[in-house]
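Structure, as structure tokens:
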Amino acid sequence: MDRLTNPIRPYAWGSTTAIPALLGVEPTGEPQAEMWMGAHPGAPSRLDRGVGETTLAEVIAADPEGELGAAAVAKFGPRLPFLLKILAAGAPLSLQVHPDLAQAEEGFEDEERRGIPVDAGHRNYKDPNHKPEMICALTPFDGLCGFRQPQEAAKLLDGLGVDSLKPYVDLLSAHPEEAALREVLTAVLSADRAEMARTVAEAGAAIERLGGAYAPYASLVHHFPGDPGVIAAMLLNHVRLQPGEAMFLGAGVPHAYLDGLGVELLANSDNVLRAGLTPKHVDVPELLKVVRFEPGDPAVQRPEGNGEEVYETPIDEFRLSRFALAPGAAPHPLPDGAPQILLCTAGRPKAGEVTLSPGESVFVPAGERVELSGTGTIFRATVSL
């Protein structure tokens, strides 16, 4: 197996302290938002097999079947189909959705045909892949996920006492529910920006005054004054994950992470369509084609299993599980038919003969046998074959 050196992404919303605290190093004072573990071409992990440092992407490209296994290559192609991250939100992320596979392929081909550079600010589809993801909390973790029931959203907006929100309240009280949500989100994102900025300012003052159920939205008003995404965010469920709890986010589900440290596992894609809470490009017509206007409670998962605690997902590109290794327990042998990344988040457990500290990880190629031992917590990222 290979001990990985992993890049840290300094996005502005990142915490300045959470990742350094996990790694046991001094903060730099700069935001550290995500630590990437994988072979994404934008920021691949690095390793050294005795002939000098190289990237995991280059190692896999040189021998896909040897590193990933024939079954994984046949199913997903000659690339690692997942990306593992430690995500540290010190400020809210953008309100966003991800396309399904057919939408991503169609959107990517269309933008390629129109000659839009992949790095252009107004490009929606960076690749032809979908981006389902799972977030598992390491600390209490706040986020927004999926639409509230329209009646609940209407009550929340109405409680602000802002006259310019009353048309949205009336729309949310109409039927059918999915049409009501679509109409309100469309109206909010298409409204005159100056008028919406005044509405958001009034709503923000009420949010600060009222607290309680409105408290999760206070940071949005602070970080994104005048942004229509503040009102759009109030259509969504607020979720607080406790350590060890997780959420799966499929295609078309609107979401935003607000605060906390977590392990994130996702399909290897960069496709994001934003609805607000960002200075970046918002393509409302394309967004509305992708969003699924389905109200419901977000499914919070607690891991299941003895020894290996598994977080269930409906897709095959990734599979996340956790091992809480107790003192004196027998070693846990791992299956060897697929590529794996093992990440330590607590203690000093061992993967084979490699001792891991919090924040350290290893890549285990397909076909290599390894067992976990010692004391601590290890997350295992692999694929379903």
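Order determines the names: the first chain of the structure tokens is A, the second B, and so forth; residues in each chain are numbered 1 upward, and ligands are numbered 1 upward as they are shown.
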
Pull the closest atom pair for each residue of region 233-341 of chain A that gets at most 6 Å from region 133-145 of chain A, along with the distance in Å to one decimal, counting only C-alpha atoms, ordering rows by chain and then ascending residue number, as JSON lines.
{"residue": "A:Leu236", "atom": "CA", "partner": "A:Leu144", "partner_atom": "CA", "distance": 5.9}
{"residue": "A:Asn237", "atom": "CA", "partner": "A:Cys145", "partner_atom": "CA", "distance": 5.4}
{"residue": "A:His238", "atom": "CA", "partner": "A:Leu144", "partner_atom": "CA", "distance": 4.6}
{"residue": "A:Val239", "atom": "CA", "partner": "A:Gly143", "partner_atom": "CA", "distance": 5.3}
{"residue": "A:Arg240", "atom": "CA", "partner": "A:Asp142", "partner_atom": "CA", "distance": 4.5}
{"residue": "A:Leu241", "atom": "CA", "partner": "A:Phe141", "partner_atom": "CA", "distance": 5.0}
{"residue": "A:Gln242", "atom": "CA", "partner": "A:Pro140", "partner_atom": "CA", "distance": 4.7}
{"residue": "A:Pro243", "atom": "CA", "partner": "A:Leu138", "partner_atom": "CA", "distance": 4.7}
{"residue": "A:Gly244", "atom": "CA", "partner": "A:Ala137", "partner_atom": "CA", "distance": 5.5}
{"residue": "A:Glu245", "atom": "CA", "partner": "A:Cys136", "partner_atom": "CA", "distance": 5.6}
{"residue": "A:Ala246", "atom": "CA", "partner": "A:Cys136", "partner_atom": "CA", "distance": 4.1}
{"residue": "A:Met247", "atom": "CA", "partner": "A:Ile135", "partner_atom": "CA", "distance": 5.5}
{"residue": "A:Phe248", "atom": "CA", "partner": "A:Met134", "partner_atom": "CA", "distance": 4.4}
{"residue": "A:Leu249", "atom": "CA", "partner": "A:Glu133", "partner_atom": "CA", "distance": 5.3}
{"residue": "A:His255", "atom": "CA", "partner": "A:Cys145", "partner_atom": "CA", "distance": 4.4}
{"residue": "A:Ala256", "atom": "CA", "partner": "A:Leu144", "partner_atom": "CA", "distance": 5.1}
{"residue": "A:Tyr257", "atom": "CA", "partner": "A:Gly143", "partner_atom": "CA", "distance": 4.2}
{"residue": "A:Leu258", "atom": "CA", "partner": "A:Gly143", "partner_atom": "CA", "distance": 5.0}
{"residue": "A:Asp259", "atom": "CA", "partner": "A:Asp142", "partner_atom": "CA", "distance": 5.2}
{"residue": "A:Gly260", "atom": "CA", "partner": "A:Phe141", "partner_atom": "CA", "distance": 4.3}
{"residue": "A:Leu261", "atom": "CA", "partner": "A:Thr139", "partner_atom": "CA", "distance": 5.5}
{"residue": "A:Gly262", "atom": "CA", "partner": "A:Ala137", "partner_atom": "CA", "distance": 4.3}
{"residue": "A:Val263", "atom": "CA", "partner": "A:Cys136", "partner_atom": "CA", "distance": 5.1}
{"residue": "A:Glu264", "atom": "CA", "partner": "A:Ile135", "partner_atom": "CA", "distance": 4.4}
{"residue": "A:Leu265", "atom": "CA", "partner": "A:Met134", "partner_atom": "CA", "distance": 5.3}
{"residue": "A:Leu266", "atom": "CA", "partner": "A:Glu133", "partner_atom": "CA", "distance": 4.1}

Selected residues, N, CA and C atoms, written as an mmCIF file, in the first residue's frame, please.
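Output saved as selection29.cif:
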data_model
loop_
_atom_site.group_PDB
_atom_site.id
_atom_site.type_symbol
_atom_site.label_atom_id
_atom_site.label_comp_id
_atom_site.auth_asym_id
_atom_site.auth_seq_id
_atom_site.Cartn_x
_atom_site.Cartn_y
_atom_site.Cartn_z
ATOM 1 N N LEU A 236 -35.439 24.965 2.152
ATOM 2 C CA LEU A 236 -34.793 23.670 2.381
ATOM 3 C C LEU A 236 -34.853 23.258 3.850
ATOM 4 N N ASN A 237 -34.698 21.967 4.084
ATOM 5 C CA ASN A 237 -34.607 21.430 5.439
ATOM 6 C C ASN A 237 -33.270 21.793 6.062
ATOM 7 N N HIS A 238 -33.301 22.238 7.312
ATOM 8 C CA HIS A 238 -32.063 22.384 8.077
ATOM 9 C C HIS A 238 -31.766 21.062 8.775
ATOM 10 N N VAL A 239 -30.524 20.614 8.686
ATOM 11 C CA VAL A 239 -30.109 19.335 9.266
ATOM 12 C C VAL A 239 -28.882 19.568 10.129
ATOM 13 N N ARG A 240 -28.871 19.003 11.328
ATOM 14 C CA ARG A 240 -27.653 18.983 12.145
ATOM 15 C C ARG A 240 -27.255 17.525 12.350
ATOM 16 N N LEU A 241 -26.107 17.163 11.786
ATOM 17 C CA LEU A 241 -25.569 15.816 11.965
ATOM 18 C C LEU A 241 -24.700 15.778 13.213
ATOM 19 N N GLN A 242 -24.854 14.734 13.998
ATOM 20 C CA GLN A 242 -23.949 14.488 15.116
ATOM 21 C C GLN A 242 -22.796 13.608 14.632
ATOM 22 N N PRO A 243 -21.651 13.632 15.327
ATOM 23 C CA PRO A 243 -20.514 12.831 14.874
ATOM 24 C C PRO A 243 -20.896 11.378 14.599
ATOM 25 N N GLY A 244 -20.500 10.899 13.420
ATOM 26 C CA GLY A 244 -20.824 9.541 12.999
ATOM 27 C C GLY A 244 -22.062 9.454 12.138
ATOM 28 N N GLU A 245 -22.917 10.474 12.149
ATOM 29 C CA GLU A 245 -24.106 10.483 11.297
ATOM 30 C C GLU A 245 -23.753 11.002 9.912
ATOM 31 N N ALA A 246 -24.554 10.599 8.913
ATOM 32 C CA ALA A 246 -24.219 10.934 7.528
ATOM 33 C C ALA A 246 -25.482 11.210 6.731
ATOM 34 N N MET A 247 -25.295 11.906 5.594
ATOM 35 C CA MET A 247 -26.361 12.142 4.622
ATOM 36 C C MET A 247 -25.837 11.775 3.243
ATOM 37 N N PHE A 248 -26.688 11.124 2.447
ATOM 38 C CA PHE A 248 -26.393 10.894 1.039
ATOM 39 C C PHE A 248 -27.154 11.920 0.217
ATOM 40 N N LEU A 249 -26.476 12.535 -0.759
ATOM 41 C CA LEU A 249 -27.072 13.564 -1.602
ATOM 42 C C LEU A 249 -27.015 13.101 -3.046
ATOM 43 N N HIS A 255 -28.762 21.571 -1.902
ATOM 44 C CA HIS A 255 -28.121 21.459 -0.596
ATOM 45 C C HIS A 255 -27.055 22.532 -0.428
ATOM 46 N N ALA A 256 -26.677 22.745 0.810
ATOM 47 C CA ALA A 256 -25.553 23.624 1.146
ATOM 48 C C ALA A 256 -25.032 23.197 2.509
ATOM 49 N N TYR A 257 -23.724 23.178 2.670
ATOM 50 C CA TYR A 257 -23.119 22.911 3.972
ATOM 51 C C TYR A 257 -22.856 24.250 4.651
ATOM 52 N N LEU A 258 -23.131 24.316 5.958
ATOM 53 C CA LEU A 258 -23.039 25.578 6.674
ATOM 54 C C LEU A 258 -21.835 25.652 7.602
ATOM 55 N N ASP A 259 -21.590 24.576 8.367
ATOM 56 C CA ASP A 259 -20.526 24.656 9.371
ATOM 57 C C ASP A 259 -20.214 23.255 9.873
ATOM 58 N N GLY A 260 -18.935 22.966 10.080
ATOM 59 C CA GLY A 260 -18.553 21.702 10.690
ATOM 60 C C GLY A 260 -17.467 20.978 9.913
ATOM 61 N N LEU A 261 -16.962 19.895 10.516
ATOM 62 C CA LEU A 261 -15.904 19.066 9.944
ATOM 63 C C LEU A 261 -16.480 17.696 9.629
ATOM 64 N N GLY A 262 -16.207 17.200 8.414
ATOM 65 C CA GLY A 262 -16.743 15.905 8.038
ATOM 66 C C GLY A 262 -15.877 15.193 7.024
ATOM 67 N N VAL A 263 -16.161 13.912 6.856
ATOM 68 C CA VAL A 263 -15.575 13.099 5.795
ATOM 69 C C VAL A 263 -16.582 13.075 4.651
ATOM 70 N N GLU A 264 -16.136 13.465 3.459
ATOM 71 C CA GLU A 264 -17.014 13.482 2.294
ATOM 72 C C GLU A 264 -16.473 12.499 1.261
ATOM 73 N N LEU A 265 -17.383 11.716 0.684
ATOM 74 C CA LEU A 265 -17.024 10.782 -0.380
ATOM 75 C C LEU A 265 -17.970 11.023 -1.540
ATOM 76 N N LEU A 266 -17.414 11.171 -2.730
ATOM 77 C CA LEU A 266 -18.227 11.536 -3.881
ATOM 78 C C LEU A 266 -17.690 10.909 -5.146
#

*What residues in region 77-175 of chain A get the DSSP label alpha helix (DSSP H)? Please answer as an MDAnalysis selection string.*
chainID A and resid 101:113 150:158 166:172

Written file, previous selection with N, CA and C atoms, as a PDB file, in the first residue's frame:
ATOM      1  N   LEU A 101     -26.395  11.351 -14.409  1.00  0.00           N
ATOM      2  CA  LEU A 101     -25.402  10.974 -15.415  1.00  0.00           C
ATOM      3  C   LEU A 101     -25.834  11.401 -16.814  1.00  0.00           C
ATOM      4  N   ALA A 102     -27.099  11.194 -17.164  1.00  0.00           N
ATOM      5  CA  ALA A 102     -27.575  11.564 -18.496  1.00  0.00           C
ATOM      6  C   ALA A 102     -27.512  13.081 -18.693  1.00  0.00           C
ATOM      7  N   GLN A 103     -27.886  13.850 -17.679  1.00  0.00           N
ATOM      8  CA  GLN A 103     -27.817  15.314 -17.769  1.00  0.00           C
ATOM      9  C   GLN A 103     -26.379  15.787 -17.904  1.00  0.00           C
ATOM     10  N   ALA A 104     -25.467  15.158 -17.152  1.00  0.00           N
ATOM     11  CA  ALA A 104     -24.062  15.555 -17.226  1.00  0.00           C
ATOM     12  C   ALA A 104     -23.487  15.264 -18.608  1.00  0.00           C
ATOM     13  N   GLU A 105     -23.789  14.106 -19.148  1.00  0.00           N
ATOM     14  CA  GLU A 105     -23.276  13.762 -20.480  1.00  0.00           C
ATOM     15  C   GLU A 105     -23.815  14.716 -21.533  1.00  0.00           C
ATOM     16  N   GLU A 106     -25.120  14.997 -21.474  1.00  0.00           N
ATOM     17  CA  GLU A 106     -25.735  15.892 -22.454  1.00  0.00           C
ATOM     18  C   GLU A 106     -25.206  17.320 -22.314  1.00  0.00           C
ATOM     19  N   GLY A 107     -25.113  17.802 -21.068  1.00  0.00           N
ATOM     20  CA  GLY A 107     -24.631  19.161 -20.841  1.00  0.00           C
ATOM     21  C   GLY A 107     -23.178  19.336 -21.244  1.00  0.00           C
ATOM     22  N   PHE A 108     -22.344  18.340 -20.934  1.00  0.00           N
ATOM     23  CA  PHE A 108     -20.926  18.411 -21.285  1.00  0.00           C
ATOM     24  C   PHE A 108     -20.750  18.429 -22.803  1.00  0.00           C
ATOM     25  N   GLU A 109     -21.459  17.548 -23.492  1.00  0.00           N
ATOM     26  CA  GLU A 109     -21.352  17.493 -24.957  1.00  0.00           C
ATOM     27  C   GLU A 109     -21.823  18.793 -25.592  1.00  0.00           C
ATOM     28  N   ASP A 110     -22.902  19.383 -25.041  1.00  0.00           N
ATOM     29  CA  ASP A 110     -23.416  20.644 -25.579  1.00  0.00           C
ATOM     30  C   ASP A 110     -22.402  21.767 -25.415  1.00  0.00           C
ATOM     31  N   GLU A 111     -21.786  21.880 -24.245  1.00  0.00           N
ATOM     32  CA  GLU A 111     -20.827  22.967 -24.021  1.00  0.00           C
ATOM     33  C   GLU A 111     -19.531  22.732 -24.788  1.00  0.00           C
ATOM     34  N   GLU A 112     -19.151  21.479 -24.971  1.00  0.00           N
ATOM     35  CA  GLU A 112     -18.000  21.176 -25.816  1.00  0.00           C
ATOM     36  C   GLU A 112     -18.280  21.602 -27.260  1.00  0.00           C
ATOM     37  N   ARG A 113     -19.497  21.276 -27.726  1.00  0.00           N
ATOM     38  CA  ARG A 113     -19.885  21.613 -29.088  1.00  0.00           C
ATOM     39  C   ARG A 113     -19.888  23.131 -29.299  1.00  0.00           C
ATOM     40  N   PRO A 150     -43.909  22.315   1.364  1.00  0.00           N
ATOM     41  CA  PRO A 150     -44.223  23.704   1.029  1.00  0.00           C
ATOM     42  C   PRO A 150     -44.959  24.455   2.136  1.00  0.00           C
ATOM     43  N   GLN A 151     -45.859  23.768   2.849  1.00  0.00           N
ATOM     44  CA  GLN A 151     -46.592  24.435   3.927  1.00  0.00           C
ATOM     45  C   GLN A 151     -45.644  24.875   5.037  1.00  0.00           C
ATOM     46  N   GLU A 152     -44.615  24.073   5.318  1.00  0.00           N
ATOM     47  CA  GLU A 152     -43.631  24.433   6.338  1.00  0.00           C
ATOM     48  C   GLU A 152     -42.806  25.633   5.880  1.00  0.00           C
ATOM     49  N   ALA A 153     -42.407  25.624   4.600  1.00  0.00           N
ATOM     50  CA  ALA A 153     -41.645  26.752   4.066  1.00  0.00           C
ATOM     51  C   ALA A 153     -42.488  28.027   4.090  1.00  0.00           C
ATOM     52  N   ALA A 154     -43.773  27.905   3.759  1.00  0.00           N
ATOM     53  CA  ALA A 154     -44.668  29.061   3.787  1.00  0.00           C
ATOM     54  C   ALA A 154     -44.755  29.635   5.197  1.00  0.00           C
ATOM     55  N   LYS A 155     -44.882  28.765   6.190  1.00  0.00           N
ATOM     56  CA  LYS A 155     -44.964  29.223   7.575  1.00  0.00           C
ATOM     57  C   LYS A 155     -43.682  29.934   8.000  1.00  0.00           C
ATOM     58  N   LEU A 156     -42.523  29.386   7.594  1.00  0.00           N
ATOM     59  CA  LEU A 156     -41.240  29.991   7.954  1.00  0.00           C
ATOM     60  C   LEU A 156     -41.104  31.379   7.329  1.00  0.00           C
ATOM     61  N   LEU A 157     -41.428  31.503   6.042  1.00  0.00           N
ATOM     62  CA  LEU A 157     -41.327  32.794   5.365  1.00  0.00           C
ATOM     63  C   LEU A 157     -42.342  33.784   5.921  1.00  0.00           C
ATOM     64  N   ASP A 158     -43.550  33.312   6.164  1.00  0.00           N
ATOM     65  CA  ASP A 158     -44.598  34.198   6.671  1.00  0.00           C
ATOM     66  C   ASP A 158     -44.229  34.746   8.046  1.00  0.00           C
ATOM     67  N   LYS A 166     -44.885  37.823   0.869  1.00  0.00           N
ATOM     68  CA  LYS A 166     -46.236  37.262   0.925  1.00  0.00           C
ATOM     69  C   LYS A 166     -46.658  36.575  -0.375  1.00  0.00           C
ATOM     70  N   PRO A 167     -46.296  37.091  -1.570  1.00  0.00           N
ATOM     71  CA  PRO A 167     -46.639  36.340  -2.785  1.00  0.00           C
ATOM     72  C   PRO A 167     -46.045  34.929  -2.807  1.00  0.00           C
ATOM     73  N   TYR A 168     -44.822  34.771  -2.267  1.00  0.00           N
ATOM     74  CA  TYR A 168     -44.207  33.446  -2.215  1.00  0.00           C
ATOM     75  C   TYR A 168     -44.953  32.557  -1.218  1.00  0.00           C
ATOM     76  N   VAL A 169     -45.382  33.157  -0.105  1.00  0.00           N
ATOM     77  CA  VAL A 169     -46.146  32.406   0.893  1.00  0.00           C
ATOM     78  C   VAL A 169     -47.441  31.874   0.268  1.00  0.00           C
ATOM     79  N   ASP A 170     -48.103  32.715  -0.509  1.00  0.00           N
ATOM     80  CA  ASP A 170     -49.348  32.298  -1.160  1.00  0.00           C
ATOM     81  C   ASP A 170     -49.096  31.176  -2.172  1.00  0.00           C
ATOM     82  N   LEU A 171     -48.023  31.319  -2.941  1.00  0.00           N
ATOM     83  CA  LEU A 171     -47.705  30.293  -3.934  1.00  0.00           C
ATOM     84  C   LEU A 171     -47.422  28.949  -3.267  1.00  0.00           C
ATOM     85  N   LEU A 172     -46.717  28.986  -2.136  1.00  0.00           N
ATOM     86  CA  LEU A 172     -46.355  27.744  -1.447  1.00  0.00           C
ATOM     87  C   LEU A 172     -47.573  27.048  -0.839  1.00  0.00           C
TER      88      LEU A 172
END

*Return the single residue from A:Gly90, A:Pro31, A:Gly328, A:Gly376 that is closest to Ala346 (chain A), with distances computed using only C-alpha atoms.*
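Using only C-alpha atoms, Ala346 (chain A) sits closest to A:Gly376.
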
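When the distance limit is 9 Å and only C-alpha atoms are what count, the residues near Thr5 (chain A), minus those fewer than 6 positions from it on the same chain, are Met37, Ser45, Arg46, Leu47, Glu360, Ser361 and Val362 of chain A.
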
File dump, residues just selected, N, CA, C and O atoms, as a short mmCIF file (atom, residue, chain, number, x, y, z; two decimals), in the first residue's frame:
data_model
loop_
_atom_site.label_atom_id
_atom_site.label_comp_id
_atom_site.auth_asym_id
_atom_site.auth_seq_id
_atom_site.Cartn_x
_atom_site.Cartn_y
_atom_site.Cartn_z
N MET A 37 -8.25 13.25 -1.25
CA MET A 37 -7.56 11.97 -1.30
C MET A 37 -8.07 11.19 -2.50
O MET A 37 -9.23 10.74 -2.50
N SER A 45 -3.63 13.07 -5.12
CA SER A 45 -2.70 12.70 -4.05
C SER A 45 -1.36 12.30 -4.65
O SER A 45 -1.27 11.87 -5.80
N ARG A 46 -0.33 12.40 -3.82
CA ARG A 46 1.02 12.03 -4.26
C ARG A 46 1.52 10.87 -3.41
O ARG A 46 1.10 10.67 -2.26
N LEU A 47 2.44 10.10 -4.00
CA LEU A 47 3.01 8.95 -3.30
C LEU A 47 4.41 8.70 -3.84
O LEU A 47 4.81 9.27 -4.87
N GLU A 360 -4.16 11.11 8.31
CA GLU A 360 -3.29 10.37 7.39
C GLU A 360 -4.09 9.28 6.68
O GLU A 360 -5.06 8.75 7.22
N SER A 361 -3.64 8.94 5.46
CA SER A 361 -4.37 7.97 4.66
C SER A 361 -3.41 7.15 3.81
O SER A 361 -2.26 7.55 3.56
N VAL A 362 -3.92 6.00 3.33
CA VAL A 362 -3.15 5.14 2.44
C VAL A 362 -4.05 4.69 1.29
O VAL A 362 -5.27 4.57 1.43
#

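The protein and nucleic acid residues lying at most 9 Å from Trp13 (chain A) are Pro31, Gln32, Ala33, Ala88, Ala89, Gly90, Ala91, Pro92 and Leu93 of chain A, with only C-alpha atoms considered and sequence neighbours fewer than 5 positions away removed.
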
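Of the listed residues A:Glu286, A:Asp100, A:Asp270, A:Asp316, the one whose atoms come nearest to Ser384 (chain A) is A:Asp316, with distances taken using only C-alpha atoms.
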
Please tabulate, as a Markdown table, the residues of region 77-171 of chain A that come within 7 Å of region 59-73 of chain A, each with its closest pair of atoms and the distance in Å to one decimal, counting only C-alpha atoms and ordering rows by chain, then residue number upward.
| residue | atom | partner | partner_atom | distance |
| --- | --- | --- | --- | --- |
| A:Gly77 | CA | A:Val73 | CA | 4.4 |
| A:Pro78 | CA | A:Val73 | CA | 5.0 |
| A:Arg79 | CA | A:Ile60 | CA | 6.8 |

Could you turn the residues from that selection into a file that holds N, CA and C atoms, as a PDB file, in the first residue's frame?
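Now in out20.pdb:
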ATOM      1  N   GLY A  77     -14.301   2.048 -15.960  1.00  0.00           N
ATOM      2  CA  GLY A  77     -13.257   2.594 -16.814  1.00  0.00           C
ATOM      3  C   GLY A  77     -11.924   2.655 -16.088  1.00  0.00           C
ATOM      4  N   PRO A  78     -10.861   3.092 -16.787  1.00  0.00           N
ATOM      5  CA  PRO A  78      -9.504   3.042 -16.223  1.00  0.00           C
ATOM      6  C   PRO A  78      -9.185   4.239 -15.322  1.00  0.00           C
ATOM      7  N   ARG A  79     -10.046   4.521 -14.368  1.00  0.00           N
ATOM      8  CA  ARG A  79      -9.829   5.645 -13.459  1.00  0.00           C
ATOM      9  C   ARG A  79     -10.438   5.328 -12.105  1.00  0.00           C
TER      10      ARG A  79
END

*Write out as number ranges by chain the residues lying within 7 Å of Ala381 (chain A), counting only C-alpha atoms and excluding same-chain residues fewer than 3 positions away.*
A: 318-321, 340-342

_Restricting the calculation to only C-alpha atoms: of A:Gly38, A:Pro228, A:Pro27, A:Asn306, which residue gets closest to Leu343 (chain A)?_
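The answer is A:Gly38, which sits nearest to Leu343 (chain A).
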
_Just the number, please: distance in Å from CA of Val284 (chain A) to CA of Val118 (chain A), one decimal._
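We find that CA of Val284 (chain A) and CA of Val118 (chain A) lie 19.3 Å from each other.
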
*Quick one: pull the distance between CA of Ala324 (chain A) and CA of Glu304 (chain A), Å, one decimal.*
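Distance reported for this atom pair: 12.1 Å.
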
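For the pair CA of Arg3 (chain A) and CA of Val364 (chain A), the interatomic distance is 9.0 Å.
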
*asked:* Given only C-alpha atoms as the basis, pick out the residue of A:Pro298, A:Pro44, A:Pro132, A:Gly204 nearest to Leu160 (chain A).
replied: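 Ranking A:Pro298, A:Pro44, A:Pro132, A:Gly204 by distance to Leu160 (chain A), first place goes to A:Gly204.
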